[in-house]
Amino acid sequence: MEETHDFQFVLPLNASDLVNSCGDQYYVKEVFAASDIPKQLLVCKTKARERDPFYIFEQFDTYYSVLESSATDANSVRNLMRSFDLLYVTVDKLGEDLLALLSATQPMSNQQRGRYLNLTKMTLYLQVNTVKKIDHIVQQTLRDQQMNVHKKRTKDPVLEQYPDWDIRRGKFLVQLFNVLQCPLEKLWSPPVVEEDFISMLCDICYRTLELQPLRADNRHIFDTIFQILGTSIKRFNQAMTFPARILQILRGTEHAAASVANGILLLHEEYGISSVFSILIKNISDALKLDSSDSSVSKHFSNFLAEFSHIAPALIIPHLAKLADELLDCQSHPLRNCVLQIIGDTVVSELTSEELSDELREVRNEFLENLLDHILDVSAHVRSKVLSIWHHLKVQHAIPLNFLTNVLREAVGRLDDKSSLVRRAAMQLIKSALESNPYSPKLSLDELRAKHEKEVLAMEQLNERLEAERKQEEKLNEDWGALAPDLVPFIEENLTESPDMQFDKEETDETLIQRILPLMREKNYKDAIILVRKVDFLAGNQNMSAMLKYEEHCVYVLALLKTYHLLAAGFKHSSEEMLQQIKTVQFLKDSIIFAEMVTSAFPKLHEMLMSKTNSDVFEAVDLFTTGYMFGIHGTASGMQQMLQLVYSSDKEKRDAVSEAYKRVLFTTEQTGRAHAIRVVQNLSKFLSEIEYGHYMAMESLMAEWMNGGDVDALVIQVLFERFTLKLEGTTANQARLALQLLIMGSQSKATLASANRSLIEDIAVGERVRRDPRIFTGCLQLLVNSIDANNNAKYYKRQSSDSEFVRQITQLFFDFFFHEQLSDFDSLAMSLLEYYYRMCQGPDVLAQQLVISLLKRFNESWLVAAQADSPTRPSTSDKENNELGSQPQEIPYSQTLPHLTQTQIQTQTQSQSQNNMMPVFLVSRFIFCIGYMTIKEMIFLDMDVYNNMKYREELTALEERNKKKQNQQAVSAQHAARRTLNVSAMEVRKRLTGVAAEPQQEPDDDLVGATAEDNIAEEINAICEDMLLYNPDALLSKLSPIVIEICKRPGEFKDAKLQQAATLALARLMSVSSRFCESNMSFLMNILNLTKNIRIKCNTVVGLSDLTFRFPNIIEPWTGHLYAQLHESNTELRLTAVKMLSHLILNEMIRVKGQIADMAWCIVDDYEEIRNITKQFFKEIANKSNILYNVLPDIISRLGDINLCLDEDKYRVIMTYILGLIQKDRQIETLVEKLCLRFPVTRAERQWRDIAFCLSLLSYNERAVNKLIDNMQHYRDKVQVDEVYQSFKLIISNTNKLAKPELKAVVTEFENRLNECLQVNPELNAESGDQTAVPAGTQKGAAANKSRMSKTKGRAGKKSAPARGRGRRRRQQSSSDSTESSD
């Protein structure tokens, strides 16, 4: 361009400054209208194609007009984008020209330099501001869209103008970077780039950092930005501006943390700029110390520090100590978390090497001390974070051994933390420490202590040997001192004769040494010296020897001879062995400390297994499992307690327990048969350790494992091999455990037993059962399980009652019955009768024949005859049967057998009476059989007979329908079979009775079927009610008087087991007939209340539970006696009562009333299992509608009764747990009102404290706080008691935490009203002192709070006086109300 332009372009502070002319500065002459801009841009396009950038001098006004246009319509945006494209082409050409011009050796003229300077400034000014305006429009459009995100709007046409704007901006930044690579300073004179020009270019980079988050697809853009900034810092003196702008960006922009962190690392790696980071860290630290309470600022800076430490830990180490000192004490817990996380990451990445210098080792230890200290941080968020960091360090093996014990100690202490997050992190850390412990795969304390004692003893013995060696060495040194002068002439002679001896290397050192020692013992020193020098030569020391002076060489050879002198004398150094032994002992000592530390954690975990917080339960289960696998003492009880969670309503808990046991029992390193054998060993061992109360839970788990395929065919095969003793090395106990496991498995998989029925039957009647009757019991149970649990009596074939197997098991039963030493007769009798009623035809006849046979033997004095003829007893090799033959003829505990009927009563002589005496254990067993036969007979009628009769009726009906609908026979049969599957007569009667009052409808097939069901059920019920116990010909009608007679005469029938059997039989007889139950109910309650036998009490409580399911209306008036057992001193009785009441209430057989307060008391029972069951019970009822909420006032009232004498601490424990289960806002609001209304009707200060404490346990929303304000008149005088006041203050402080402004306003109002209650008018109180009786507790509280009241601002005396009068009248009325209520 030949035209001369004599002006100077000055970068304006504001764009409007360019419109004003000033001297020789460039100014805009014309601002074009929006309609003229497209035409002007066409001119610019033509000029730009000519590749002459100087057209900007003429068309600057056009681009300026585009920038200054305020329109945002589609045309204006299109003009803006066209302007950007043209400027991009122009700057591209300008960059090429500048690179060639400024790189030339020949300098430019002043005129040329000035023209290019103006062009560069004008072009880049236009381009940078165009980018800024496009960014502004894009961001404004995005904000508008976010504000209207929930409204339906058409697609914004503005954004369609630049869908690829991010790509274009990236190209612009690359272009800008290329321009900066030119030596631009040559355009200025002197050659220093203008500050405003560089600031303008850097500003667009900073703005991009604020607007754009770092993503994988735009990382190159941010690399370009920091390359521009790096160039500016290195060449254009931007080192002071950069930290300030970056600090500003980080303070206000959350997403900038990642991009800035990566950019600073780029500056360090590509430009060697590290001082900027130091300045930035100092500025961040200073800013946070001044404003750490600003959560957003702290969060932004924390994100940056964390990101940078993650990608460049080595760079942050020099600054980390200062950051820790300055920021770990700041108020913001996110900031403390950030610094601690940086410390943890730095230790893992940079400070874990074994080759650390002493300085770095000291730095690492200082960092770890900071982490250790903050395990006790005031913030739960920090405590949980630090424990998680320690967990990560442990996983990465970055915790030194000298820190491990201290860390573990702190983690165990945090198991009592009030925050579930902290407890969870602590358990995870303990588990990690256990799994990756450096000591042993098994941490059994007993084994470790035994090893430690053994090694300590070995160390002591080694120490004694070292002492002997020291004495020997001293003596040898004395001998050597005397010998050395004699050796010196030999050495000098040898060195003189052969100063440089040469030897062949055929011989080895060991051979020469073996030759030297005899020579030393023989004192042949001359030859010994030659061999010593030869050994030294073979060791490669000839060069060193040659360098020695003659005297030094003599001393050197003399020292070598001394060594061989000691060896020849048999001297041996054990110091190295001692050092190794010391390390071994210390290692075992550390192992014991570690194991003790881990062991101390598990008692605390027992409570967490029953926690309301799921995370506590899951982590405790996981940690117990890990500890059990490591053999930690105390984990076995936890593994058993976990079985209680099998019945939890929470599926996640059940699954966690199941997975834990699978991990322990089914995880092996073997495969195939070896795996199956190991699994069976694990199952057997665990089954042998569990308590009886957990047996059913184990059955439930076994069923789940059977269905899930964990117990596969190989495992079942190994179980049968163990049971049948075919597996080599199987003991009798292992076979019995295998049988129990098969019984458990067959409950869910009937084919397991049915497919092996003949094998089981052979064992059941074989010789093994005579040696171990428990095998007989188990075999019968296994055979009963061969019936599919989902099937009914009509679908399987019953065994004939006169079959050989039935005859054999009956005969075996008789043999066992008269065996006094049989330990578990009850289980044996139950299994036989169960087999009769489930597997045999005519089970009632079989059972009746069994009882009659026993009676016949009793009445015929069979026992006496059997004693006289001992060879007739069954011949067995069993120890018990061997003892039977040597029983005395007279058994000391004998009772007269009651007769069956009055007609059998005869006057007998003394000798006849003596012949009718029989051992009491036989009577006890007979009575037990009567009771169990009764309950099985009832179940047989209720289930099997009823279903069979119903099935027969359906078959009859089907035959009639077949005549009409032949083609529907199969479908109808299947439908009928499904409809009557496993239905009991009792359930049908209850269901039909429940709908009997409904309006009558037109009869249809379903109603006809229901009528038939009703008839059959009534028929079954009539048999139970009128025939079993009241028909004169029925067996039970003749046996029941015997049972009652024994129960009524405990003074005559004194044996405890007999009374237990009789009471249990009575309860079972009562379950048959409601008439019999009602007539004997008071008698059973007398037994429960008067007997001292705990077993009778427990059996009666269990019997009452069964009777409640059978006859709830009859038992309902007597439920108070069940609750009374909760206060008995015997633990077993309380435990039984808790289990039965929980079962009844959860199954809705007992209405939940105020008596449930007795159950609540069990939350603080001394026995842990009772506490756990009770807590689980309240958790269950809390999930059932409003049951707990409805009875909660009664619980609070009953437990708060001062006559109950419940300790206040225990009351608080109970209420803390129960009120913690109330979560619904509406329930809490109503509960607040009910509790406030209790204040006026209570008189004791203790009761006020209790109510206020309960109020403090609730979580408050705005409406709940308003309830407190509205009911303040009920407790304004009670606030004078300090404990009551503190409870209300606790409500205020807890509610204000994290509360919204609306709630805080209500809480402030409540606090002001509460403080007004503390104001006292002394004159008014003095005047009314003789008229109003103020409770002693109130007077005491008022005196105690005198100082507090003096600090509280009160209202004016004229306003407060009437309030005091109203308060007194309310207190008087409240006192009278409470008196009436208590009466």
# chains A, B, ... in the order shown; residues from 1 in each chain; ligands from 1
>>> residues_around(residues="segment 1306-1310 of chain A", least_positions_apart="5", cutoff="9 Å", atoms="only C-alpha atoms", output="list of chain:residue names")
A:Glu1262, A:Val1265, A:Asn1266, A:Leu1268, A:Ile1269, A:Ile1292, A:Thr1295, A:Asn1296, A:Pro1301, A:Asn1315
>>> closest_atom_pairs(of="segment 1093-1208 of chain A", to="segment 1073-1081 of chain A", cutoff="12 Å", atoms="only C-alpha atoms", output="JSON lines")
{"residue": "A:Thr1100", "atom": "CA", "partner": "A:Met1081", "partner_atom": "CA", "distance": 11.1}
{"residue": "A:Gly1103", "atom": "CA", "partner": "A:Met1081", "partner_atom": "CA", "distance": 11.3}
{"residue": "A:Leu1104", "atom": "CA", "partner": "A:Met1081", "partner_atom": "CA", "distance": 9.6}
{"residue": "A:Asp1106", "atom": "CA", "partner": "A:Cys1077", "partner_atom": "CA", "distance": 11.8}
{"residue": "A:Leu1107", "atom": "CA", "partner": "A:Cys1077", "partner_atom": "CA", "distance": 8.4}
{"residue": "A:Thr1108", "atom": "CA", "partner": "A:Cys1077", "partner_atom": "CA", "distance": 10.8}
{"residue": "A:Phe1109", "atom": "CA", "partner": "A:Ser1074", "partner_atom": "CA", "distance": 11.9}
{"residue": "A:Arg1110", "atom": "CA", "partner": "A:Ser1074", "partner_atom": "CA", "distance": 8.5}
{"residue": "A:Phe1111", "atom": "CA", "partner": "A:Ser1074", "partner_atom": "CA", "distance": 6.7}
{"residue": "A:Pro1112", "atom": "CA", "partner": "A:Ser1074", "partner_atom": "CA", "distance": 10.2}
{"residue": "A:Asn1113", "atom": "CA", "partner": "A:Ser1074", "partner_atom": "CA", "distance": 9.9}
{"residue": "A:Ile1114", "atom": "CA", "partner": "A:Glu1078", "partner_atom": "CA", "distance": 6.5}
{"residue": "A:Ile1115", "atom": "CA", "partner": "A:Met1081", "partner_atom": "CA", "distance": 8.1}
{"residue": "A:Glu1116", "atom": "CA", "partner": "A:Met1081", "partner_atom": "CA", "distance": 11.3}
{"residue": "A:Pro1117", "atom": "CA", "partner": "A:Met1081", "partner_atom": "CA", "distance": 10.5}
{"residue": "A:Trp1118", "atom": "CA", "partner": "A:Met1081", "partner_atom": "CA", "distance": 8.6}
{"residue": "A:Thr1119", "atom": "CA", "partner": "A:Met1081", "partner_atom": "CA", "distance": 11.7}
{"residue": "A:His1121", "atom": "CA", "partner": "A:Met1081", "partner_atom": "CA", "distance": 11.7}
>>> residues_around(residues="Lys385 of chain A", least_positions_apart="3", cutoff="8 Å", atoms="only C-alpha atoms", output="PyMOL selection string")
chain A and resi 337+341+381-382+388-389+425
>>> residues_around(residues="segment 351-354 of chain A", least_positions_apart="4", cutoff="10 Å", atoms="only C-alpha atoms", output="PyMOL selection string")
chain A and resi 314+317+344-347+360-361+363-365+393+396-400
>>> write_last_selection(atoms="all heavy atoms", output="CSV table (one decimal), in the first residue's frame")
chain,number,residue,atom,x,y,z
A,314,ALA,N,5.5,-33.6,43.3
A,314,ALA,CA,6.9,-33.2,43.7
A,314,ALA,C,7.0,-31.7,43.8
A,314,ALA,O,7.8,-31.2,44.6
A,314,ALA,CB,7.8,-33.7,42.6
A,317,ILE,N,5.6,-30.4,47.4
A,317,ILE,CA,6.2,-30.8,48.6
A,317,ILE,C,6.9,-29.6,49.3
A,317,ILE,O,6.8,-29.4,50.5
A,317,ILE,CB,7.2,-31.9,48.3
A,317,ILE,CG1,6.4,-33.2,48.0
A,317,ILE,CG2,8.1,-32.2,49.5
A,317,ILE,CD1,7.3,-34.4,47.8
A,344,GLY,N,-1.7,-36.9,52.1
A,344,GLY,CA,-1.8,-38.3,51.8
A,344,GLY,C,-1.3,-38.7,50.4
A,344,GLY,O,-0.6,-39.6,50.3
A,345,ASP,N,-1.8,-37.9,49.4
A,345,ASP,CA,-1.3,-38.2,48.0
A,345,ASP,C,0.2,-38.0,47.9
A,345,ASP,O,0.8,-38.8,47.1
A,345,ASP,CB,-2.1,-37.3,47.1
A,345,ASP,CG,-3.6,-37.6,47.0
A,345,ASP,OD1,-3.9,-38.7,47.4
A,345,ASP,OD2,-4.3,-36.8,46.5
A,346,THR,N,0.7,-37.0,48.5
A,346,THR,CA,2.1,-36.7,48.4
A,346,THR,C,3.0,-37.9,49.0
A,346,THR,O,4.0,-38.3,48.5
A,346,THR,CB,2.5,-35.4,49.0
A,346,THR,OG1,1.7,-34.4,48.5
A,346,THR,CG2,4.0,-35.1,48.9
A,347,VAL,N,2.5,-38.3,50.2
A,347,VAL,CA,3.2,-39.4,50.8
A,347,VAL,C,3.2,-40.7,50.0
A,347,VAL,O,4.2,-41.4,49.8
A,347,VAL,CB,2.6,-39.7,52.2
A,347,VAL,CG1,3.2,-41.0,52.8
A,347,VAL,CG2,2.9,-38.6,53.2
A,360,LEU,N,14.1,-36.1,53.8
A,360,LEU,CA,12.7,-36.4,53.3
A,360,LEU,C,12.0,-37.4,54.3
A,360,LEU,O,10.8,-37.3,54.4
A,360,LEU,CB,12.9,-37.1,52.0
A,360,LEU,CG,13.2,-36.2,50.8
A,360,LEU,CD1,13.3,-37.0,49.5
A,360,LEU,CD2,12.1,-35.1,50.6
A,361,ARG,N,12.8,-38.2,55.0
A,361,ARG,CA,12.1,-39.1,55.9
A,361,ARG,C,11.5,-38.3,57.1
A,361,ARG,O,10.4,-38.6,57.6
A,361,ARG,CB,13.2,-40.1,56.5
A,361,ARG,CG,12.6,-41.3,57.2
A,361,ARG,CD,13.7,-42.2,57.6
A,361,ARG,NE,14.5,-42.7,56.5
A,361,ARG,CZ,14.2,-43.8,55.8
A,361,ARG,NH1,13.2,-44.5,56.1
A,361,ARG,NH2,15.0,-44.1,54.8
A,363,VAL,N,10.5,-35.2,56.8
A,363,VAL,CA,9.3,-34.5,56.2
A,363,VAL,C,8.1,-35.5,56.2
A,363,VAL,O,7.0,-35.1,56.6
A,363,VAL,CB,9.7,-34.0,54.8
A,363,VAL,CG1,8.4,-33.5,54.1
A,363,VAL,CG2,10.7,-32.9,54.9
A,364,ARG,N,8.4,-36.7,55.8
A,364,ARG,CA,7.3,-37.7,55.7
A,364,ARG,C,6.7,-37.9,57.1
A,364,ARG,O,5.5,-38.0,57.3
A,364,ARG,CB,7.8,-39.0,55.2
A,364,ARG,CG,6.7,-40.1,55.1
A,364,ARG,CD,7.4,-41.5,55.0
A,364,ARG,NE,8.1,-41.8,56.2
A,364,ARG,CZ,8.9,-42.9,56.3
A,364,ARG,NH1,9.0,-43.7,55.2
A,364,ARG,NH2,9.5,-43.1,57.4
A,365,ASN,N,7.5,-38.1,58.1
A,365,ASN,CA,7.1,-38.3,59.5
A,365,ASN,C,6.3,-37.1,60.0
A,365,ASN,O,5.3,-37.3,60.7
A,365,ASN,CB,8.2,-38.6,60.4
A,365,ASN,CG,8.9,-39.9,60.1
A,365,ASN,OD1,8.3,-40.8,59.4
A,365,ASN,ND2,10.1,-40.1,60.6
A,393,LEU,N,-3.5,-45.1,52.4
A,393,LEU,CA,-2.1,-45.3,52.6
A,393,LEU,C,-1.8,-46.7,52.9
A,393,LEU,O,-0.8,-47.3,52.5
A,393,LEU,CB,-1.6,-44.4,53.8
A,393,LEU,CG,-1.6,-42.9,53.6
A,393,LEU,CD1,-1.2,-42.2,54.9
A,393,LEU,CD2,-0.5,-42.5,52.5
A,396,GLN,N,-1.8,-48.8,49.9
A,396,GLN,CA,-0.7,-48.6,49.0
A,396,GLN,C,0.6,-48.9,49.8
A,396,GLN,O,1.7,-48.6,49.3
A,396,GLN,CB,-0.6,-47.1,48.6
A,396,GLN,CG,-1.8,-46.6,47.8
A,396,GLN,CD,-1.9,-47.3,46.5
A,396,GLN,OE1,-0.8,-47.6,45.9
A,396,GLN,NE2,-3.1,-47.6,46.0
A,397,HIS,N,0.5,-49.5,51.0
A,397,HIS,CA,1.7,-50.0,51.8
A,397,HIS,C,2.6,-48.8,52.0
A,397,HIS,O,3.8,-48.9,51.9
A,397,HIS,CB,2.4,-51.1,51.1
A,397,HIS,CG,1.6,-52.2,50.7
A,397,HIS,ND1,1.1,-53.1,51.6
A,397,HIS,CD2,1.1,-52.7,49.5
A,397,HIS,CE1,0.4,-54.0,51.0
A,397,HIS,NE2,0.4,-53.8,49.7
A,398,ALA,N,2.0,-47.6,52.4
A,398,ALA,CA,2.8,-46.4,52.6
A,398,ALA,C,2.8,-46.0,54.1
A,398,ALA,O,3.3,-44.9,54.4
A,398,ALA,CB,2.2,-45.3,51.8
A,399,ILE,N,2.4,-46.9,55.0
A,399,ILE,CA,2.4,-46.6,56.4
A,399,ILE,C,3.6,-47.3,57.0
A,399,ILE,O,3.7,-48.5,57.0
A,399,ILE,CB,1.2,-47.1,57.2
A,399,ILE,CG1,-0.1,-46.4,56.5
A,399,ILE,CG2,1.2,-46.7,58.7
A,399,ILE,CD1,-1.4,-46.8,57.2
A,400,PRO,N,4.6,-46.5,57.6
A,400,PRO,CA,5.7,-47.2,58.2
A,400,PRO,C,5.3,-48.0,59.4
A,400,PRO,O,4.3,-47.7,60.1
A,400,PRO,CB,6.6,-46.0,58.7
A,400,PRO,CG,6.1,-44.8,57.9
A,400,PRO,CD,4.7,-45.1,57.6
>>> closest_residue(among="A:His136, A:Arg838, A:His319, A:Lys121", to="Phe277 of chain A", atoms="only C-alpha atoms")
A:His319
>>> select_by_dssp(residues="segment 789-835 of chain A", states="alpha helix (DSSP H)", output="list in words")
Glu804, Phe805, Val806, Arg807, Gln808, Ile809, Thr810, Gln811, Leu812, Phe813, Phe814, Asp815, Phe816, Phe817, Phe825, Asp826, Ser827, Leu828, Ala829, Met830, Ser831, Leu832, Leu833, Glu834 and Tyr835 of chain A
>>> residues_around(residues="segment 619-628 of chain A", least_positions_apart="3", cutoff="9 Å", atoms="only C-alpha atoms", output="JSON, numbers by chain")
{"A": [423, 424, 425, 427, 428, 430, 431, 434, 435, 443, 598, 599, 602, 605, 606, 608, 609, 614, 615, 616, 631, 632, 633, 634, 635, 636, 638, 639, 642, 656, 657, 660, 661, 663, 664]}
>>> closest_residue(among="A:Ala34, A:Asp166, A:Val1043, A:Leu725", to="Asp217 of chain A", atoms="only C-alpha atoms")
A:Asp166
>>> atom_distance(atom1="atom CA of Asp1158 of chain A", atom2="atom CA of His694 of chain A")
25.3 Å
>>> residues_around(residues="Leu941 of chain A", least_positions_apart="6", cutoff="12 Å", atoms="only C-alpha atoms", output="PDB file with N, CA and C atoms, in the first residue's frame")
ATOM      1  N   ALA A 793     -50.744 -83.319  51.933  1.00  0.00           N
ATOM      2  CA  ALA A 793     -50.852 -84.717  52.327  1.00  0.00           C
ATOM      3  C   ALA A 793     -51.400 -85.583  51.206  1.00  0.00           C
ATOM      4  N   TYR A 837     -46.988 -89.145  62.099  1.00  0.00           N
ATOM      5  CA  TYR A 837     -48.059 -88.259  61.619  1.00  0.00           C
ATOM      6  C   TYR A 837     -47.779 -87.677  60.237  1.00  0.00           C
ATOM      7  N   ARG A 838     -46.529 -87.698  59.782  1.00  0.00           N
ATOM      8  CA  ARG A 838     -46.239 -87.163  58.456  1.00  0.00           C
ATOM      9  C   ARG A 838     -46.063 -88.239  57.401  1.00  0.00           C
ATOM     10  N   GLY A 842     -52.754 -93.854  59.009  1.00  0.00           N
ATOM     11  CA  GLY A 842     -53.356 -94.022  60.328  1.00  0.00           C
ATOM     12  C   GLY A 842     -52.416 -93.656  61.460  1.00  0.00           C
ATOM     13  N   PRO A 843     -51.832 -92.473  61.442  1.00  0.00           N
ATOM     14  CA  PRO A 843     -50.871 -92.125  62.500  1.00  0.00           C
ATOM     15  C   PRO A 843     -51.519 -92.050  63.881  1.00  0.00           C
ATOM     16  N   ASP A 844     -52.807 -91.656  63.927  1.00  0.00           N
ATOM     17  CA  ASP A 844     -53.478 -91.587  65.231  1.00  0.00           C
ATOM     18  C   ASP A 844     -53.571 -92.979  65.853  1.00  0.00           C
ATOM     19  N   THR A 934     -50.612 -85.153  71.547  1.00  0.00           N
ATOM     20  CA  THR A 934     -51.808 -84.290  71.485  1.00  0.00           C
ATOM     21  C   THR A 934     -51.655 -83.205  70.444  1.00  0.00           C
ATOM     22  N   ILE A 935     -50.516 -82.511  70.484  1.00  0.00           N
ATOM     23  CA  ILE A 935     -50.328 -81.394  69.554  1.00  0.00           C
ATOM     24  C   ILE A 935     -50.235 -81.891  68.116  1.00  0.00           C
ATOM     25  N   ASN A 947     -57.460 -81.172  54.618  1.00  0.00           N
ATOM     26  CA  ASN A 947     -57.124 -81.079  53.201  1.00  0.00           C
ATOM     27  C   ASN A 947     -57.526 -82.337  52.443  1.00  0.00           C
ATOM     28  N   ASN A 948     -57.404 -83.479  53.091  1.00  0.00           N
ATOM     29  CA  ASN A 948     -57.787 -84.716  52.422  1.00  0.00           C
ATOM     30  C   ASN A 948     -59.286 -84.777  52.193  1.00  0.00           C
ATOM     31  N   MET A 949     -60.050 -84.373  53.213  1.00  0.00           N
ATOM     32  CA  MET A 949     -61.513 -84.354  53.058  1.00  0.00           C
ATOM     33  C   MET A 949     -61.930 -83.350  51.987  1.00  0.00           C
ATOM     34  N   VAL A 983     -53.903 -75.680  53.303  1.00  0.00           N
ATOM     35  CA  VAL A 983     -54.852 -74.851  54.043  1.00  0.00           C
ATOM     36  C   VAL A 983     -55.248 -75.603  55.300  1.00  0.00           C
ATOM     37  N   SER A 984     -55.368 -74.863  56.428  1.00  0.00           N
ATOM     38  CA  SER A 984     -55.773 -75.514  57.676  1.00  0.00           C
ATOM     39  C   SER A 984     -57.216 -75.174  57.989  1.00  0.00           C
ATOM     40  N   ALA A 985     -57.867 -76.064  58.747  1.00  0.00           N
ATOM     41  CA  ALA A 985     -59.254 -75.833  59.134  1.00  0.00           C
ATOM     42  C   ALA A 985     -59.385 -74.604  60.009  1.00  0.00           C
ATOM     43  N   MET A 986     -58.395 -74.370  60.878  1.00  0.00           N
ATOM     44  CA  MET A 986     -58.454 -73.206  61.752  1.00  0.00           C
ATOM     45  C   MET A 986     -58.398 -71.909  60.947  1.00  0.00           C
ATOM     46  N   ILE A1016     -66.665 -78.474  56.425  1.00  0.00           N
ATOM     47  CA  ILE A1016     -65.556 -79.358  56.781  1.00  0.00           C
ATOM     48  C   ILE A1016     -64.783 -78.786  57.963  1.00  0.00           C
ATOM     49  N   ALA A1017     -64.516 -77.467  57.932  1.00  0.00           N
ATOM     50  CA  ALA A1017     -63.778 -76.845  59.031  1.00  0.00           C
ATOM     51  C   ALA A1017     -64.531 -76.971  60.340  1.00  0.00           C
ATOM     52  N   GLU A1018     -65.864 -76.783  60.289  1.00  0.00           N
ATOM     53  CA  GLU A1018     -66.656 -76.916  61.502  1.00  0.00           C
ATOM     54  C   GLU A1018     -66.633 -78.350  62.015  1.00  0.00           C
ATOM     55  N   GLU A1019     -66.626 -79.283  61.086  1.00  0.00           N
ATOM     56  CA  GLU A1019     -66.582 -80.690  61.489  1.00  0.00           C
ATOM     57  C   GLU A1019     -65.255 -81.011  62.176  1.00  0.00           C
ATOM     58  N   ILE A1020     -64.162 -80.513  61.630  1.00  0.00           N
ATOM     59  CA  ILE A1020     -62.855 -80.717  62.259  1.00  0.00           C
ATOM     60  C   ILE A1020     -62.818 -80.041  63.627  1.00  0.00           C
ATOM     61  N   ASN A1021     -63.347 -78.821  63.690  1.00  0.00           N
ATOM     62  CA  ASN A1021     -63.345 -78.103  64.964  1.00  0.00           C
ATOM     63  C   ASN A1021     -64.168 -78.833  66.018  1.00  0.00           C
ATOM     64  N   ALA A1022     -65.295 -79.436  65.588  1.00  0.00           N
ATOM     65  CA  ALA A1022     -66.135 -80.172  66.537  1.00  0.00           C
ATOM     66  C   ALA A1022     -65.392 -81.382  67.097  1.00  0.00           C
ATOM     67  N   ILE A1023     -64.606 -82.027  66.260  1.00  0.00           N
ATOM     68  CA  ILE A1023     -63.813 -83.167  66.737  1.00  0.00           C
ATOM     69  C   ILE A1023     -62.826 -82.706  67.811  1.00  0.00           C
ATOM     70  N   CYS A1024     -62.146 -81.579  67.556  1.00  0.00           N
ATOM     71  CA  CYS A1024     -61.169 -81.072  68.531  1.00  0.00           C
ATOM     72  C   CYS A1024     -61.853 -80.609  69.808  1.00  0.00           C
ATOM     73  N   GLU A1025     -62.986 -79.937  69.651  1.00  0.00           N
ATOM     74  CA  GLU A1025     -63.641 -79.346  70.823  1.00  0.00           C
ATOM     75  C   GLU A1025     -64.331 -80.406  71.681  1.00  0.00           C
ATOM     76  N   LEU A1028     -61.954 -85.187  71.237  1.00  0.00           N
ATOM     77  CA  LEU A1028     -60.609 -85.595  71.668  1.00  0.00           C
ATOM     78  C   LEU A1028     -60.454 -85.616  73.176  1.00  0.00           C
ATOM     79  N   VAL A1072     -55.917 -77.826  72.124  1.00  0.00           N
ATOM     80  CA  VAL A1072     -56.842 -78.615  71.316  1.00  0.00           C
ATOM     81  C   VAL A1072     -58.249 -78.049  71.376  1.00  0.00           C
TER      82      VAL A1072
END
>>> closest_residue(among="A:Glu68, A:Asp815, A:Glu464, A:Asp61", to="Met122 of chain A", atoms="only C-alpha atoms")
A:Asp61
>>> atom_distance(atom1="atom CA of Ala244 of chain A", atom2="atom CA of Ala257 of chain A")
15.0 Å
>>> closest_residue(among="A:Asp196, A:Glu937, A:Glu1168, A:Asp1055", to="Pro603 of chain A", atoms="only C-alpha atoms")
A:Glu1168
>>> closest_residue(among="A:Lys726, A:Val339, A:Arg251, A:Ile491", to="Asn370 of chain A", atoms="only C-alpha atoms")
A:Val339
>>> residues_around(residues="Phe7 of chain A", least_positions_apart="2", cutoff="8 Å", atoms="only C-alpha atoms", output="PyMOL selection string")
chain A and resi 5+9+24-26
